[in-house]
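A.B. asks: Sharing a structure below in structure tokens format, with a few things to ask.
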Amino acid sequence: MADPVPGPAPKRSRLLIVAILASFVAFLDGSIVTVALPAIGADLGGGLATQQWTVNAYLLTLGALILLAGSLSDSFGRLRVLAWGLAGFAAASILCALAWTPDVLVFARALQGIAAALLVPSSLALITTAYAGPERARAIGTWTAWTGTAAIIGPLLGGVLVDWASWRYIFAVNVLPVAITLVLMPGLQDSPRRRTALDIPGALLAVAGLGGSVYALIEQDRLGWTHPAVYLSLAGGLVALVLFVVREARTPSPMMPLSLFQARNFRYGNLVTAAAYGALSLGTFALTVFVQETAGFSAIEAGFISLPLPIAMLLLSTWFGDLAGRYGPRSFMTAGPAIMGAGFLLMLTVSPPLNFFTQLLPGLLLFSLGLAVMVAPLTAAVLGALDETDAGIGSAVNNAVSRVAGLITVALIGTISAGSLDYAGFQRTALATAVLMFAAALIAFLGIRTPKPA
């Protein structure tokens, strides 16, 4: 592996702040919207399908195009691509805030996802290039703590904005961190570039494959599997996904090089990512909607139930990143999802009238601890398995896996919950979340290996 370009310590610190802030807005927006879904539905209409599409339009374009964005960051420079993404994200956020129909909101959320796809792989690849060894693991732990906190604290901030002002402010608030990040960027040294051809046909196949499949999974709840719009979309989507894999195996410049999966920790790390982040999206979506629409919490109260998660991430993520750098990621990637699964099993005790302190809080505390244990070691294991020149595309693949996994599980939530997030529906969803978490722990235990010291 080539040595990273460290640069002066003050500039490296500023680069880390830029990387954190750029990812912060993408992770924040992916989660802040959840607590606002009931308010959006009441204002714009459209029912459960509008709520699902408000989440999934963002995840769809993000998951499908983040692979192409990884190639862009390696080809044109990670700071340059980061600036493009920040500008686009601010513009799309303003359109979301102004949306006057469900269709306009879903379209604007799709544009947000495109811009967010440019942010995450570029920011994480900048860290991978600037740091090495234990310093890299610590930097990734710091990045994980803050970006993970953004992803989880979103419901709290969203609840305050929804109850005290309007759901529209959850999108307008993105402009401030974007502006701060752009101010901090001038003078930073960009990463080395590796010119590659852009795989536009591959990107189109990914969008068509994911879009068709997710449309079928969401709309089958309303139309049924036998409706032509459902089964034709599903068939077309699956065919497009198969063609995508075939193209990536044959094209000289793939946006998802299948050769990356020859690295054992990268291969199994992405399987762990799929199971754990699919479960994370499923569980947090269900919990936030359940406590508002069934248990009668306000948006602020629904946001406050997420507080154990950012606290655990802030206090523990960097520490677990350090430990993973010293002792290897396998034990942490095994224990983390298992603890998270146990937390959701504890939530199976929910019954009316809901008592937050006895029925939800113990499970949330375990879930929070498990998340802090898993995230930094998982990220370090996946990216540490690759050469530095593949950092951008490797980060993009891993982020795409997590977004697509969440996209699929949120699309399936109507099927898993039997169409309603009442008490019984939430229990079914919590059980499915726990099963996915335990699957992630088993995959990590069987597949991940501790890398030898350089």
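Each chain in the structure tokens gets a letter, A, B, ..., in the order shown, and its residues are numbered from 1; ligands are numbered from 1 in order too.
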Excluding A:Val239 and residues on its chain fewer than 2 positions from it, collect all residues at most 12 Å away from it, counting only C-alpha atoms, and give them as a short mmCIF file (atom, residue, chain, number, x, y, z; two decimals) with C-alpha atoms, in the first residue's frame.

C.D. replies:
data_model
loop_
_atom_site.label_atom_id
_atom_site.label_comp_id
_atom_site.auth_asym_id
_atom_site.auth_seq_id
_atom_site.Cartn_x
_atom_site.Cartn_y
_atom_site.Cartn_z
CA LEU A 205 -28.60 -0.04 -14.90
CA ALA A 206 -28.17 0.41 -11.14
CA ALA A 208 -33.23 1.09 -13.16
CA GLY A 209 -32.62 -2.08 -11.17
CA LEU A 210 -33.06 -0.51 -7.76
CA GLY A 211 -35.89 1.78 -8.86
CA GLY A 212 -37.97 -0.99 -10.42
CA SER A 213 -37.44 -3.38 -7.53
CA LEU A 232 -43.44 -5.97 -14.38
CA SER A 233 -41.47 -3.42 -12.34
CA LEU A 234 -40.02 -6.18 -10.18
CA ALA A 235 -39.08 -8.31 -13.18
CA GLY A 236 -37.55 -5.35 -15.01
CA GLY A 237 -35.63 -4.29 -11.94
CA LEU A 241 -29.56 -5.70 -11.65
CA VAL A 242 -28.34 -8.92 -13.30
CA LEU A 243 -27.21 -6.92 -16.34
CA PHE A 244 -25.46 -4.50 -14.00
CA VAL A 245 -23.38 -7.29 -12.46
CA VAL A 246 -22.60 -8.73 -15.91
#

A.B. asks: Write out as a Markdown table the residues of stretch 7-106 of chain A that have any atom within 8 Å of an atom of stretch 124-132 of chain A, one row each with the nearest atom pair and its distance in Å to one decimal, counting only C-alpha atoms, sorted by chain and then rising number.

C.D. replies:
| residue | atom | partner | partner_atom | distance |
| --- | --- | --- | --- | --- |
| A:Gly7 | CA | A:Ala130 | CA | 7.4 |
| A:Arg12 | CA | A:Ala130 | CA | 7.0 |
| A:Leu15 | CA | A:Leu126 | CA | 7.7 |
| A:Leu16 | CA | A:Ile127 | CA | 6.6 |
| A:Ala19 | CA | A:Leu124 | CA | 6.6 |
| A:Arg78 | CA | A:Leu126 | CA | 6.7 |

A.B. asks: Which polymer residues have any atom within 9 Å of an atom of A:Ile305, counting only C-alpha atoms, with same-chain residues fewer than 5 positions away left out, as a PyMOL selection string?

C.D. replies: chain A and resi 155-156+288+300+356+360-361+364

A.B. asks: Which residue out of A:Gln359, A:Thr54, A:Ser402, A:Ser253 has the minimum interatomic distance to A:Thr101 when only C-alpha atoms are used?

C.D. replies: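 Using only C-alpha atoms, A:Thr101 sits closest to A:Thr54.
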
A.B. asks: Please indicate the distance in Å from atom CA of A:Ala203 to atom CA of A:Phe76, rounded to one decimal place.

C.D. replies: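 Here the two named atoms are 17.7 Å from each other.
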